[in-house]
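> The file below is my_file_9.pdb, PDB, C-alpha atoms:
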```
ATOM      1  CA  MET A   1      90.937  36.324  67.446
ATOM      2  CA  ILE A   2      92.797  36.053  70.754
ATOM      3  CA  ARG A   3      95.692  38.052  69.305
ATOM      4  CA  LYS A   4      93.334  40.848  68.205
ATOM      5  CA  THR A   5      91.648  40.870  71.593
ATOM      6  CA  ILE A   6      95.016  41.157  73.357
ATOM      7  CA  GLN A   7      96.076  43.908  70.947
ATOM      8  CA  ARG A   8      92.900  45.870  71.604
ATOM      9  CA  LEU A   9      93.363  45.395  75.343
ATOM     10  CA  LEU A  10      96.934  46.674  75.167
ATOM     11  CA  GLU A  11      95.834  49.665  73.099
ATOM     12  CA  THR A  12      93.105  50.424  75.626
ATOM     13  CA  LEU A  13      95.553  50.155  78.526
ATOM     14  CA  PHE A  14      98.054  52.365  76.708
ATOM     15  CA  ALA A  15      95.407  55.015  76.023
ATOM     16  CA  ALA A  16      94.290  54.880  79.636
ATOM     17  CA  ALA A  17      97.862  55.323  80.804
ATOM     18  CA  LEU A  18      98.228  58.384  78.611
ATOM     19  CA  LEU A  19      95.020  59.845  79.988
ATOM     20  CA  LEU A  20      96.092  59.152  83.549
ATOM     21  CA  GLY A  21      99.472  60.699  82.862
ATOM     22  CA  SER A  22      97.856  63.785  81.390
ATOM     23  CA  ALA A  23      95.458  64.053  84.321
ATOM     24  CA  SER A  24      98.346  63.685  86.736
ATOM     25  CA  ALA A  25     100.292  66.427  84.974
ATOM     26  CA  LEU A  26      97.269  68.690  85.012
ATOM     27  CA  ALA A  27      96.680  67.991  88.683
ATOM     28  CA  GLN A  28     100.297  68.666  89.696
ATOM     29  CA  PRO A  29     100.323  71.615  92.074
ATOM     30  CA  VAL A  30     102.124  74.726  90.856
ATOM     31  CA  LEU A  31     104.196  77.165  92.897
ATOM     32  CA  ARG A  32     104.036  80.551  91.173
ATOM     33  CA  VAL A  33     107.000  82.843  91.742
ATOM     34  CA  THR A  34     107.919  86.400  90.801
ATOM     35  CA  ALA A  35     110.492  89.057  91.700
ATOM     36  CA  ILE A  36     110.764  92.808  91.649
ATOM     37  CA  PRO A  37     112.474  93.788  88.360
ATOM     38  CA  ASP A  38     115.542  95.480  89.846
ATOM     39  CA  GLU A  39     117.592  94.374  86.826
ATOM     40  CA  ALA A  40     116.894  93.720  83.158
ATOM     41  CA  PRO A  41     114.302  90.956  82.551
ATOM     42  CA  THR A  42     116.829  88.721  80.785
ATOM     43  CA  GLU A  43     119.165  88.921  83.786
ATOM     44  CA  LEU A  44     116.370  88.112  86.225
ATOM     45  CA  ALA A  45     115.299  85.080  84.183
ATOM     46  CA  ARG A  46     118.876  83.816  83.898
ATOM     47  CA  LYS A  47     119.483  84.123  87.627
ATOM     48  CA  ALA A  48     116.114  82.634  88.564
ATOM     49  CA  ALA A  49     116.291  79.453  86.456
ATOM     50  CA  PRO A  50     118.584  77.321  88.684
ATOM     51  CA  LEU A  51     116.701  78.403  91.822
ATOM     52  CA  MET A  52     113.334  77.467  90.313
ATOM     53  CA  LYS A  53     114.671  74.015  89.374
ATOM     54  CA  TYR A  54     115.994  73.581  92.916
ATOM     55  CA  LEU A  55     112.661  74.567  94.465
ATOM     56  CA  GLU A  56     110.872  72.056  92.237
ATOM     57  CA  ALA A  57     113.063  69.280  93.640
ATOM     58  CA  LYS A  58     112.598  70.432  97.237
ATOM     59  CA  THR A  59     108.828  71.000  97.134
ATOM     60  CA  GLY A  60     107.750  68.340  94.663
ATOM     61  CA  MET A  61     105.755  71.008  92.834
ATOM     62  CA  LYS A  62     106.007  72.512  89.393
ATOM     63  CA  VAL A  63     107.582  75.944  89.826
ATOM     64  CA  GLU A  64     106.746  78.749  87.397
ATOM     65  CA  PHE A  65     108.667  82.020  87.375
ATOM     66  CA  THR A  66     106.616  84.915  86.024
ATOM     67  CA  PRO A  67     108.382  88.241  85.400
ATOM     68  CA  VAL A  68     106.555  91.515  86.002
ATOM     69  CA  ASN A  69     106.967  94.930  84.429
ATOM     70  CA  ASP A  70     107.541  96.986  87.561
ATOM     71  CA  TYR A  71     107.801  96.875  91.358
ATOM     72  CA  ALA A  72     104.137  97.693  91.922
ATOM     73  CA  ALA A  73     103.130  94.727  89.763
ATOM     74  CA  ALA A  74     105.134  92.360  91.987
ATOM     75  CA  VAL A  75     103.323  93.659  95.072
ATOM     76  CA  GLU A  76      99.927  93.379  93.391
ATOM     77  CA  ALA A  77     100.619  89.887  92.022
ATOM     78  CA  LEU A  78     101.373  88.538  95.500
ATOM     79  CA  ALA A  79      98.548  90.402  97.234
ATOM     80  CA  SER A  80      95.971  89.310  94.638
ATOM     81  CA  ARG A  81      97.072  85.648  94.689
ATOM     82  CA  LYS A  82      98.443  85.628  91.150
ATOM     83  CA  VAL A  83     101.740  84.350  92.593
ATOM     84  CA  ASP A  84     102.576  82.461  95.785
ATOM     85  CA  LEU A  85     106.175  83.504  96.455
ATOM     86  CA  ALA A  86     107.872  86.812  95.673
ATOM     87  CA  TRP A  87     111.338  88.320  95.945
ATOM     88  CA  LEU A  88     110.701  91.769  97.384
ATOM     89  CA  GLY A  89     112.754  94.691  98.573
ATOM     90  CA  GLY A  90     112.231  96.066 102.058
ATOM     91  CA  PHE A  91     109.977  98.847 100.765
ATOM     92  CA  THR A  92     107.912  96.599  98.490
ATOM     93  CA  PHE A  93     107.493  94.200 101.431
ATOM     94  CA  VAL A  94     106.087  97.096 103.497
ATOM     95  CA  GLN A  95     103.792  98.019 100.596
ATOM     96  CA  ALA A  96     102.621  94.396 100.310
ATOM     97  CA  GLN A  97     101.922  94.280 104.054
ATOM     98  CA  LEU A  98      99.811  97.414 103.859
ATOM     99  CA  ARG A  99      98.078  96.257 100.658
ATOM    100  CA  SER A 100      97.141  92.904 102.264
ATOM    101  CA  GLY A 101      96.219  94.180 105.713
ATOM    102  CA  GLY A 102      99.272  92.605 107.328
ATOM    103  CA  ASN A 103      98.899  89.174 105.739
ATOM    104  CA  MET A 104     102.433  88.803 104.384
ATOM    105  CA  VAL A 105     105.131  86.580 105.884
ATOM    106  CA  PRO A 106     108.794  87.220 105.035
ATOM    107  CA  LEU A 107     110.500  83.816 105.139
ATOM    108  CA  VAL A 108     114.188  84.398 104.489
ATOM    109  CA  GLN A 109     116.645  87.067 103.510
ATOM    110  CA  ARG A 110     120.242  86.870 102.398
ATOM    111  CA  ALA A 111     122.755  87.286 105.206
ATOM    112  CA  GLU A 112     123.831  90.453 103.390
ATOM    113  CA  ASP A 113     120.331  91.926 103.641
ATOM    114  CA  ALA A 114     120.611  92.367 107.413
ATOM    115  CA  LYS A 115     123.164  95.126 106.799
ATOM    116  CA  PHE A 116     122.433  96.284 103.284
ATOM    117  CA  ARG A 117     123.706  99.555 101.820
ATOM    118  CA  SER A 118     123.261 101.850  98.864
ATOM    119  CA  VAL A 119     126.038 103.675  97.065
ATOM    120  CA  PHE A 120     125.938 107.078  95.397
ATOM    121  CA  ILE A 121     127.910 107.157  92.165
ATOM    122  CA  THR A 122     129.038 109.936  89.844
ATOM    123  CA  SER A 123     131.057 110.634  86.727
ATOM    124  CA  ASP A 124     131.311 114.354  87.607
ATOM    125  CA  PRO A 125     134.653 115.287  89.259
ATOM    126  CA  SER A 126     133.004 118.213  91.064
ATOM    127  CA  ILE A 127     130.838 115.892  93.190
ATOM    128  CA  HIS A 128     132.442 114.653  96.425
ATOM    129  CA  GLN A 129     129.618 114.645  98.981
ATOM    130  CA  LEU A 130     125.825 114.673  99.137
ATOM    131  CA  ALA A 131     125.696 118.461  99.400
ATOM    132  CA  ASP A 132     127.348 118.660  95.969
ATOM    133  CA  LEU A 133     124.226 117.148  94.394
ATOM    134  CA  LYS A 134     122.457 120.499  94.645
ATOM    135  CA  GLY A 135     121.857 121.831  91.160
ATOM    136  CA  LYS A 136     122.759 118.501  89.513
ATOM    137  CA  ASP A 137     120.773 115.957  87.499
ATOM    138  CA  PHE A 138     120.249 112.894  89.677
ATOM    139  CA  ALA A 139     118.856 109.388  89.047
ATOM    140  CA  PHE A 140     117.073 107.034  91.403
ATOM    141  CA  GLY A 141     116.027 103.523  90.303
ATOM    142  CA  SER A 142     112.387 102.505  90.641
ATOM    143  CA  GLN A 143     110.182 104.711  92.795
ATOM    144  CA  SER A 144     109.362 101.616  94.908
ATOM    145  CA  SER A 145     112.989 100.528  95.269
ATOM    146  CA  THR A 146     114.393 100.405  98.797
ATOM    147  CA  SER A 147     118.068 100.609  97.855
ATOM    148  CA  GLY A 148     117.580 102.626  94.670
ATOM    149  CA  HIS A 149     115.181 105.259  95.962
ATOM    150  CA  LEU A 150     113.674 105.151  99.468
ATOM    151  CA  MET A 151     116.814 104.824 101.586
ATOM    152  CA  PRO A 152     118.988 107.058  99.365
ATOM    153  CA  ARG A 153     116.262 109.716  99.528
ATOM    154  CA  ALA A 154     116.053 109.335 103.323
ATOM    155  CA  PHE A 155     119.808 109.801 103.741
ATOM    156  CA  MET A 156     119.826 112.770 101.354
ATOM    157  CA  LEU A 157     117.093 114.432 103.434
ATOM    158  CA  GLN A 158     119.085 113.743 106.621
ATOM    159  CA  ALA A 159     122.052 115.488 104.986
ATOM    160  CA  GLY A 160     119.925 118.526 104.185
ATOM    161  CA  VAL A 161     119.475 117.774 100.500
ATOM    162  CA  ASP A 162     115.887 117.593  99.251
ATOM    163  CA  PRO A 163     116.207 115.981  95.816
ATOM    164  CA  ASP A 164     112.926 117.388  94.521
ATOM    165  CA  ARG A 165     113.805 120.918  95.572
ATOM    166  CA  ASP A 166     117.598 121.049  95.416
ATOM    167  CA  CYS A 167     118.531 118.911  92.394
ATOM    168  CA  HIS A 168     118.230 120.408  88.930
ATOM    169  CA  ARG A 169     116.388 117.308  87.697
ATOM    170  CA  VAL A 170     115.375 113.988  89.264
ATOM    171  CA  ALA A 171     114.944 110.933  87.025
ATOM    172  CA  TYR A 172     113.723 107.414  87.797
ATOM    173  CA  SER A 173     115.603 104.859  85.703
ATOM    174  CA  GLY A 174     113.485 101.881  86.780
ATOM    175  CA  ALA A 175     116.390  99.582  87.702
ATOM    176  CA  HIS A 176     119.887  99.644  89.187
ATOM    177  CA  ASP A 177     121.676  98.646  85.983
ATOM    178  CA  ALA A 178     119.858 101.429  84.131
ATOM    179  CA  THR A 179     120.991 103.970  86.748
ATOM    180  CA  ILE A 180     124.619 102.883  86.351
ATOM    181  CA  ALA A 181     124.301 103.165  82.572
ATOM    182  CA  ALA A 182     122.765 106.654  82.835
ATOM    183  CA  VAL A 183     125.586 107.906  85.064
ATOM    184  CA  ALA A 184     128.274 106.291  82.911
ATOM    185  CA  ALA A 185     126.800 107.850  79.758
ATOM    186  CA  GLY A 186     126.582 111.313  81.346
ATOM    187  CA  LYS A 187     122.798 111.463  81.068
ATOM    188  CA  VAL A 188     122.782 112.420  84.759
ATOM    189  CA  GLN A 189     125.648 113.590  86.934
ATOM    190  CA  ALA A 190     124.953 111.132  89.766
ATOM    191  CA  GLY A 191     122.690 108.335  90.945
ATOM    192  CA  ALA A 192     121.990 105.916  93.783
ATOM    193  CA  VAL A 193     122.178 102.137  93.391
ATOM    194  CA  ASN A 194     122.113  98.855  95.264
ATOM    195  CA  ILE A 195     125.636  98.102  96.550
ATOM    196  CA  SER A 196     125.596  94.455  95.457
ATOM    197  CA  VAL A 197     124.636  95.346  91.878
ATOM    198  CA  TRP A 198     127.408  97.953  91.847
ATOM    199  CA  GLN A 199     129.953  95.414  93.119
ATOM    200  CA  GLU A 200     128.815  92.904  90.506
ATOM    201  CA  PHE A 201     129.210  95.470  87.716
ATOM    202  CA  VAL A 202     132.723  96.338  88.895
ATOM    203  CA  ALA A 203     133.754  92.683  89.287
ATOM    204  CA  GLU A 204     132.466  91.825  85.810
ATOM    205  CA  LYS A 205     134.085  94.962  84.319
ATOM    206  CA  ARG A 206     130.726  96.250  83.103
ATOM    207  CA  VAL A 207     131.602  99.697  84.472
ATOM    208  CA  ASP A 208     134.953 101.483  84.835
ATOM    209  CA  PRO A 209     135.333 102.501  88.519
ATOM    210  CA  ALA A 210     137.966 105.023  87.484
ATOM    211  CA  LYS A 211     135.353 106.921  85.462
ATOM    212  CA  VAL A 212     132.263 106.233  87.572
ATOM    213  CA  VAL A 213     133.146 106.491  91.251
ATOM    214  CA  VAL A 214     131.390 105.910  94.562
ATOM    215  CA  PHE A 215     131.369 109.136  96.561
ATOM    216  CA  TYR A 216     129.024 108.114  99.396
ATOM    217  CA  THR A 217     127.951 104.820 100.977
ATOM    218  CA  THR A 218     124.893 104.797 103.226
ATOM    219  CA  PRO A 219     124.653 103.366 106.749
ATOM    220  CA  PRO A 220     123.237  99.801 106.826
ATOM    221  CA  TYR A 221     119.562  98.839 106.789
ATOM    222  CA  HIS A 222     117.439  95.694 106.213
ATOM    223  CA  ASP A 223     116.411  95.054 102.630
ATOM    224  CA  TYR A 224     115.387  92.167 100.355
ATOM    225  CA  ASN A 225     113.459  89.023 101.324
ATOM    226  CA  TRP A 226     111.433  86.117  99.958
ATOM    227  CA  THR A 227     107.814  86.573 101.016
ATOM    228  CA  VAL A 228     104.619  84.471 100.979
ATOM    229  CA  ARG A 229     101.050  85.172 102.076
ATOM    230  CA  ALA A 230     100.015  84.162 105.591
ATOM    231  CA  ASP A 231      97.371  81.793 104.203
ATOM    232  CA  MET A 232      99.952  79.514 102.554
ATOM    233  CA  PRO A 233      99.753  76.044 104.175
ATOM    234  CA  ALA A 234     102.278  75.789 107.013
ATOM    235  CA  ALA A 235     103.838  72.603 105.603
ATOM    236  CA  LEU A 236     104.564  74.230 102.227
ATOM    237  CA  ARG A 237     105.861  77.385 103.880
ATOM    238  CA  GLU A 238     108.236  75.245 105.954
ATOM    239  CA  LYS A 239     109.444  73.347 102.871
ATOM    240  CA  ILE A 240     110.250  76.582 101.035
ATOM    241  CA  GLU A 241     111.988  78.150 104.006
ATOM    242  CA  GLN A 242     114.081  75.055 104.688
ATOM    243  CA  ALA A 243     115.020  74.817 101.004
ATOM    244  CA  PHE A 244     116.537  78.307 101.135
ATOM    245  CA  LEU A 245     118.252  77.701 104.472
ATOM    246  CA  ALA A 246     119.792  74.472 103.148
ATOM    247  CA  LEU A 247     121.623  76.233 100.308
ATOM    248  CA  SER A 248     125.353  75.981 100.978
ATOM    249  CA  PRO A 249     128.383  77.342  99.108
ATOM    250  CA  SER A 250     130.141  74.031  99.801
ATOM    251  CA  ASP A 251     127.694  72.272  97.439
ATOM    252  CA  PRO A 252     128.142  72.947  93.677
ATOM    253  CA  GLN A 253     124.406  73.478  93.068
ATOM    254  CA  GLY A 254     124.083  75.610  96.192
ATOM    255  CA  LYS A 255     127.093  77.712  95.232
ATOM    256  CA  GLN A 256     125.716  78.347  91.743
ATOM    257  CA  ILE A 257     122.363  79.495  93.127
ATOM    258  CA  LEU A 258     123.880  81.609  95.901
ATOM    259  CA  ASP A 259     126.323  83.271  93.505
ATOM    260  CA  LEU A 260     123.508  84.156  91.106
ATOM    261  CA  GLN A 261     121.485  85.580  94.005
ATOM    262  CA  ARG A 262     124.549  87.531  95.229
ATOM    263  CA  ALA A 263     124.257  85.749  98.576
ATOM    264  CA  SER A 264     126.663  84.010 100.947
ATOM    265  CA  ARG A 265     123.695  82.193 102.519
ATOM    266  CA  PHE A 266     120.028  82.686 103.419
ATOM    267  CA  VAL A 267     118.856  83.313 106.984
ATOM    268  CA  PRO A 268     115.392  83.560 108.614
ATOM    269  CA  THR A 269     113.776  86.985 108.840
ATOM    270  CA  THR A 270     110.737  88.571 110.511
ATOM    271  CA  PRO A 271     108.347  91.473 109.771
ATOM    272  CA  ASP A 272     109.954  93.506 112.575
ATOM    273  CA  ASN A 273     113.140  93.798 110.525
ATOM    274  CA  TYR A 274     111.318  96.143 108.123
ATOM    275  CA  LYS A 275     109.826  98.556 110.663
ATOM    276  CA  GLY A 276     112.710 100.934 109.997
ATOM    277  CA  ILE A 277     111.939 100.855 106.275
ATOM    278  CA  GLU A 278     108.311 101.737 106.955
ATOM    279  CA  ALA A 279     109.360 104.586 109.244
ATOM    280  CA  ALA A 280     111.748 105.931 106.604
ATOM    281  CA  ALA A 281     109.027 105.742 103.940
ATOM    282  CA  ARG A 282     106.561 107.655 106.106
ATOM    283  CA  SER A 283     109.194 110.249 106.992
ATOM    284  CA  ALA A 284     110.016 110.735 103.304
ATOM    285  CA  GLY A 285     106.311 111.112 102.456
ATOM    286  CA  LEU A 286     106.261 107.918 100.363
ATOM    287  CA  LEU A 287     103.505 106.196 102.353
TER     288      LEU A 287
END
```
As structure tokens, how would this structure be written, given the file I've shared?

Amino acid sequence: MIRKTIQRLLETLFAAALLLGSASALAQPVLRVTAIPDEAPTELARKAAPLMKYLEAKTGMKVEFTPVNDYAAAVEALASRKVDLAWLGGFTFVQAQLRSGGNMVPLVQRAEDAKFRSVFITSDPSIHQLADLKGKDFAFGSQSSTSGHLMPRAFMLQAGVDPDRDCHRVAYSGAHDATIAAVAAGKVQAGAVNISVWQEFVAEKRVDPAKVVVFYTTPPYHDYNWTVRADMPAALREKIEQAFLALSPSDPQGKQILDLQRASRFVPTTPDNYKGIEAAARSAGLL
């Protein structure tokens, strides 16, 4: 009788422990993260995985990475509270600020983003300068891309080339890797891409720089950042920011994450850094 009573008690305690464990798991706070799809979804997921695991350890929260179909969806997801943290380009940050009435806070950017550049590439030997794009088929990336559309368009206009009027055809590939592929395959004579994606493709021998060449590199501008809404609790915001700032290439985990993010390190940033992006967007008629 005593043995049965003890057995029942143990079973009850075990069941209670399971219920408590399940309740605890359900109650665990979740940090929802997304990123603009400037590369193929499989690449984004691969590069995000180690960073999400790192953020889980630093915040004590479950971290969920949710891909989106396009740049506009990343802006909308953050503005509508479907995600809490987003990797945005300079232009999508400006769009998110306007969409939210100024309630976005850029936390950090890569050191490289303070002086970011775009490159114009071609497989056509007759193209040597921006003026040579007149009459050609040209590819931008996403329409909301800073480095794949907005800033290249702004510099083309400064050079006296209106892509919509002067190019034979303008295409939007949707992502930097797709633009490189289109130029390499001869589907367009030239295109504009993010310099770090271009350098990665060359380093990994995913494009032949003897056949697809850079004929123009833009002046520098501010670009990507990790952004949260202003209503995020200050303590959590601080944890996330400090987690990024603590990443170091001297640490094996830090080096892996930084390499995947094409970063030497992360540094603090402010909304003022993107005023030039907003001005360029208004000048180009994109806002």
> Quick one: everything within 8 Å of stretch 75-77 of chain A, counting only C-alpha atoms, minus sequence neighbours fewer than 2 positions away in the same chain. Send it as a VMD selection string.
chain A and resid 71 to 73 79 to 83 88 92 to 93 95 to 96
> In Å to one decimal, how far is atom CA of A:Lys136 from atom CA of A:Ile36?
28.4 Å
> For A:Ala40, list every protein, DNA or RNA residue within 10 Å, evaluated using all atoms listed in the file, and leave out those in the same chain fewer than 6 positions away; present the list as a list in words.
Gly174, Ala175, His176, Asp177 and Ala178 of chain A
> May I have the residues from that selection written out with C-alpha atoms, as a PDB file, keeping the file's coordinate frame?

```
ATOM      1  CA  GLY A 174     113.485 101.881  86.780  1.00  0.00           C
ATOM      2  CA  ALA A 175     116.390  99.582  87.702  1.00  0.00           C
ATOM      3  CA  HIS A 176     119.887  99.644  89.187  1.00  0.00           C
ATOM      4  CA  ASP A 177     121.676  98.646  85.983  1.00  0.00           C
ATOM      5  CA  ALA A 178     119.858 101.429  84.131  1.00  0.00           C
TER       6      ALA A 178
END
```
> Considering all atoms listed in the file, return as a list of chain:residue names whatever protein or nucleic-acid residues lie within 10 Å of A:Leu130, sequence-local ones (same chain, fewer than 6 positions apart) excluded.
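Within the cut-off, the hits are A:Phe120, A:Phe155, A:Met156, A:Leu157, A:Ala159, A:Gly160, A:Val161, A:Phe215, A:Tyr216.
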> Exactly which residues make up the result of the PyMOL selection byres ((chain A and resi 153) around 12) on this file, given as an NGL selection string?
:A and (118-120 or 130 or 138-141 or 143-152 or 154-164 or 167 or 170 or 191-193 or 218 or 277 or 280-286)
> Within 12 Å of A:Val267, counting all atoms listed in the file, which residues show up once you throw out same-chain ones fewer than 6 positions away? Write them as a ChimeraX atom specification, please.
/A:106-114,224-226,241-248
> Generate a file of the selected residues that holds C-alpha atoms, formatted as a short mmCIF file (atom, residue, chain, number, x, y, z; two decimals), in the coordinates of the input.

```cif
data_model
loop_
_atom_site.label_atom_id
_atom_site.label_comp_id
_atom_site.auth_asym_id
_atom_site.auth_seq_id
_atom_site.Cartn_x
_atom_site.Cartn_y
_atom_site.Cartn_z
CA PRO A 106 108.79 87.22 105.04
CA LEU A 107 110.50 83.82 105.14
CA VAL A 108 114.19 84.40 104.49
CA GLN A 109 116.64 87.07 103.51
CA ARG A 110 120.24 86.87 102.40
CA ALA A 111 122.76 87.29 105.21
CA GLU A 112 123.83 90.45 103.39
CA ASP A 113 120.33 91.93 103.64
CA ALA A 114 120.61 92.37 107.41
CA TYR A 224 115.39 92.17 100.36
CA ASN A 225 113.46 89.02 101.32
CA TRP A 226 111.43 86.12 99.96
CA GLU A 241 111.99 78.15 104.01
CA GLN A 242 114.08 75.06 104.69
CA ALA A 243 115.02 74.82 101.00
CA PHE A 244 116.54 78.31 101.14
CA LEU A 245 118.25 77.70 104.47
CA ALA A 246 119.79 74.47 103.15
CA LEU A 247 121.62 76.23 100.31
CA SER A 248 125.35 75.98 100.98
#
```
> For the file shown, report as a VMD selection string the outcome of the PyMOL selection byres ((chain A and resi 35) around 8) at residue level.
chain A and resid 33 to 34 36 to 37 67 to 68 74 86 to 88
> Using only C-alpha atoms, pick whichever of A:Pro249, A:Pro125, A:Gly90, A:Pro209 has the shortest atom-to-atom distance to A:Thr270.
A:Gly90
> What separation in Å, quoted to one decimal, exists between atom CA of A:Phe91 and atom CA of A:Thr269?
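Answer for the atom CA of A:Phe91 to atom CA of A:Thr269 separation: 14.8 Å.
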> Pick from A:Pro29, A:Pro50, A:Pro271, A:Pro219: nearest to A:Leu258, with all atoms listed in the file counted?
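That would be A:Pro50, the residue with the smallest distance to A:Leu258.
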> As JSON, please: the centre and edge lengths in Å, to one decimal, of an axis-aligned box enclosing every listed atom of stretch 173-191 of chain A with 4 Å added on each side.

```
{"center_x": 120.9, "center_y": 106.1, "center_z": 85.4, "size_x": 22.8, "size_y": 22.9, "size_z": 19.2}
```
> Name every residue that the PyMOL selection byres ((chain A and resi 195) around 6) selects in this structure, writing the answer as an mmCIF file with C-alpha atoms, in the coordinates of the input with chains first and numbers rising.

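So expr36.cif came out as:
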```cif
data_model
loop_
_atom_site.group_PDB
_atom_site.id
_atom_site.type_symbol
_atom_site.label_atom_id
_atom_site.label_comp_id
_atom_site.auth_asym_id
_atom_site.auth_seq_id
_atom_site.Cartn_x
_atom_site.Cartn_y
_atom_site.Cartn_z
ATOM 1 C CA ARG A 117 123.706 99.555 101.820
ATOM 2 C CA SER A 118 123.261 101.850 98.864
ATOM 3 C CA VAL A 119 126.038 103.675 97.065
ATOM 4 C CA ASN A 194 122.113 98.855 95.264
ATOM 5 C CA SER A 196 125.596 94.455 95.457
ATOM 6 C CA VAL A 197 124.636 95.346 91.878
ATOM 7 C CA TRP A 198 127.408 97.953 91.847
#
```
> To one decimal in Å, tell me the separation between atom CA of A:Ser250 and atom CA of A:Glu56.
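Straight-line distance from atom CA of A:Ser250 to atom CA of A:Glu56 works out to 20.8 Å.
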> Which is closer to A:Val213 than all the others in A:Thr59, A:Gln189, A:Thr227, A:Thr66, using all atoms listed in the file?
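With all atoms listed in the file as the atom set, the closest residue is A:Gln189.
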> With all atoms listed in the file as the atoms that count, which of A:His222, A:Met52, A:Arg262, A:Arg46 lies nearest to A:Leu85?
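With all atoms listed in the file as the atom set, the closest residue is A:Met52.
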> Could you check which of A:Asp223, A:Glu64, A:Asp208, A:Glu238 is closest to A:Ala185, using only C-alpha atoms?
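Checking each candidate against A:Ala185, we get A:Asp208 as the closest.
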> Missing atoms in stretch 250-266 of chain A: can you complete it with N, CA and C atoms, as an mmCIF file, in the frame of the given file?

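See part01.cif below for the written result:
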```cif
data_model
loop_
_atom_site.group_PDB
_atom_site.id
_atom_site.type_symbol
_atom_site.label_atom_id
_atom_site.label_comp_id
_atom_site.auth_asym_id
_atom_site.auth_seq_id
_atom_site.Cartn_x
_atom_site.Cartn_y
_atom_site.Cartn_z
ATOM 1 N N SER A 250 129.274 75.209 99.895
ATOM 2 C CA SER A 250 130.141 74.031 99.801
ATOM 3 C C SER A 250 129.593 72.993 98.828
ATOM 4 N N ASP A 251 128.336 73.169 98.396
ATOM 5 C CA ASP A 251 127.694 72.272 97.439
ATOM 6 C C ASP A 251 127.683 72.964 96.078
ATOM 7 N N PRO A 252 128.075 72.292 94.995
ATOM 8 C CA PRO A 252 128.142 72.947 93.677
ATOM 9 C C PRO A 252 126.820 73.596 93.250
ATOM 10 N N GLN A 253 125.695 72.894 93.427
ATOM 11 C CA GLN A 253 124.406 73.478 93.068
ATOM 12 C C GLN A 253 124.086 74.672 93.955
ATOM 13 N N GLY A 254 124.332 74.519 95.263
ATOM 14 C CA GLY A 254 124.083 75.610 96.192
ATOM 15 C C GLY A 254 124.929 76.823 95.876
ATOM 16 N N LYS A 255 126.193 76.595 95.552
ATOM 17 C CA LYS A 255 127.093 77.712 95.232
ATOM 18 C C LYS A 255 126.635 78.454 93.993
ATOM 19 N N GLN A 256 126.198 77.698 92.968
ATOM 20 C CA GLN A 256 125.716 78.347 91.743
ATOM 21 C C GLN A 256 124.519 79.247 92.043
ATOM 22 N N ILE A 257 123.565 78.722 92.811
ATOM 23 C CA ILE A 257 122.363 79.495 93.127
ATOM 24 C C ILE A 257 122.707 80.709 93.984
ATOM 25 N N LEU A 258 123.509 80.506 95.017
ATOM 26 C CA LEU A 258 123.880 81.609 95.901
ATOM 27 C C LEU A 258 124.641 82.693 95.154
ATOM 28 N N ASP A 259 125.560 82.288 94.279
ATOM 29 C CA ASP A 259 126.323 83.271 93.505
ATOM 30 C C ASP A 259 125.398 84.103 92.616
ATOM 31 N N LEU A 260 124.435 83.433 91.974
ATOM 32 C CA LEU A 260 123.508 84.156 91.106
ATOM 33 C C LEU A 260 122.611 85.092 91.894
ATOM 34 N N GLN A 261 122.316 84.739 93.142
ATOM 35 C CA GLN A 261 121.485 85.580 94.005
ATOM 36 C C GLN A 261 122.318 86.595 94.788
ATOM 37 N N ARG A 262 123.610 86.643 94.528
ATOM 38 C CA ARG A 262 124.549 87.531 95.229
ATOM 39 C C ARG A 262 124.423 87.352 96.748
ATOM 40 N N ALA A 263 124.458 86.080 97.162
ATOM 41 C CA ALA A 263 124.257 85.749 98.576
ATOM 42 C C ALA A 263 125.356 84.811 99.066
ATOM 43 N N SER A 264 125.749 84.970 100.325
ATOM 44 C CA SER A 264 126.663 84.010 100.947
ATOM 45 C C SER A 264 125.851 82.860 101.536
ATOM 46 N N ARG A 265 124.638 83.181 102.003
ATOM 47 C CA ARG A 265 123.695 82.193 102.519
ATOM 48 C C ARG A 265 122.375 82.905 102.786
ATOM 49 N N PHE A 266 121.324 82.128 103.035
ATOM 50 C CA PHE A 266 120.028 82.686 103.419
ATOM 51 C C PHE A 266 119.799 82.438 104.901
#
```
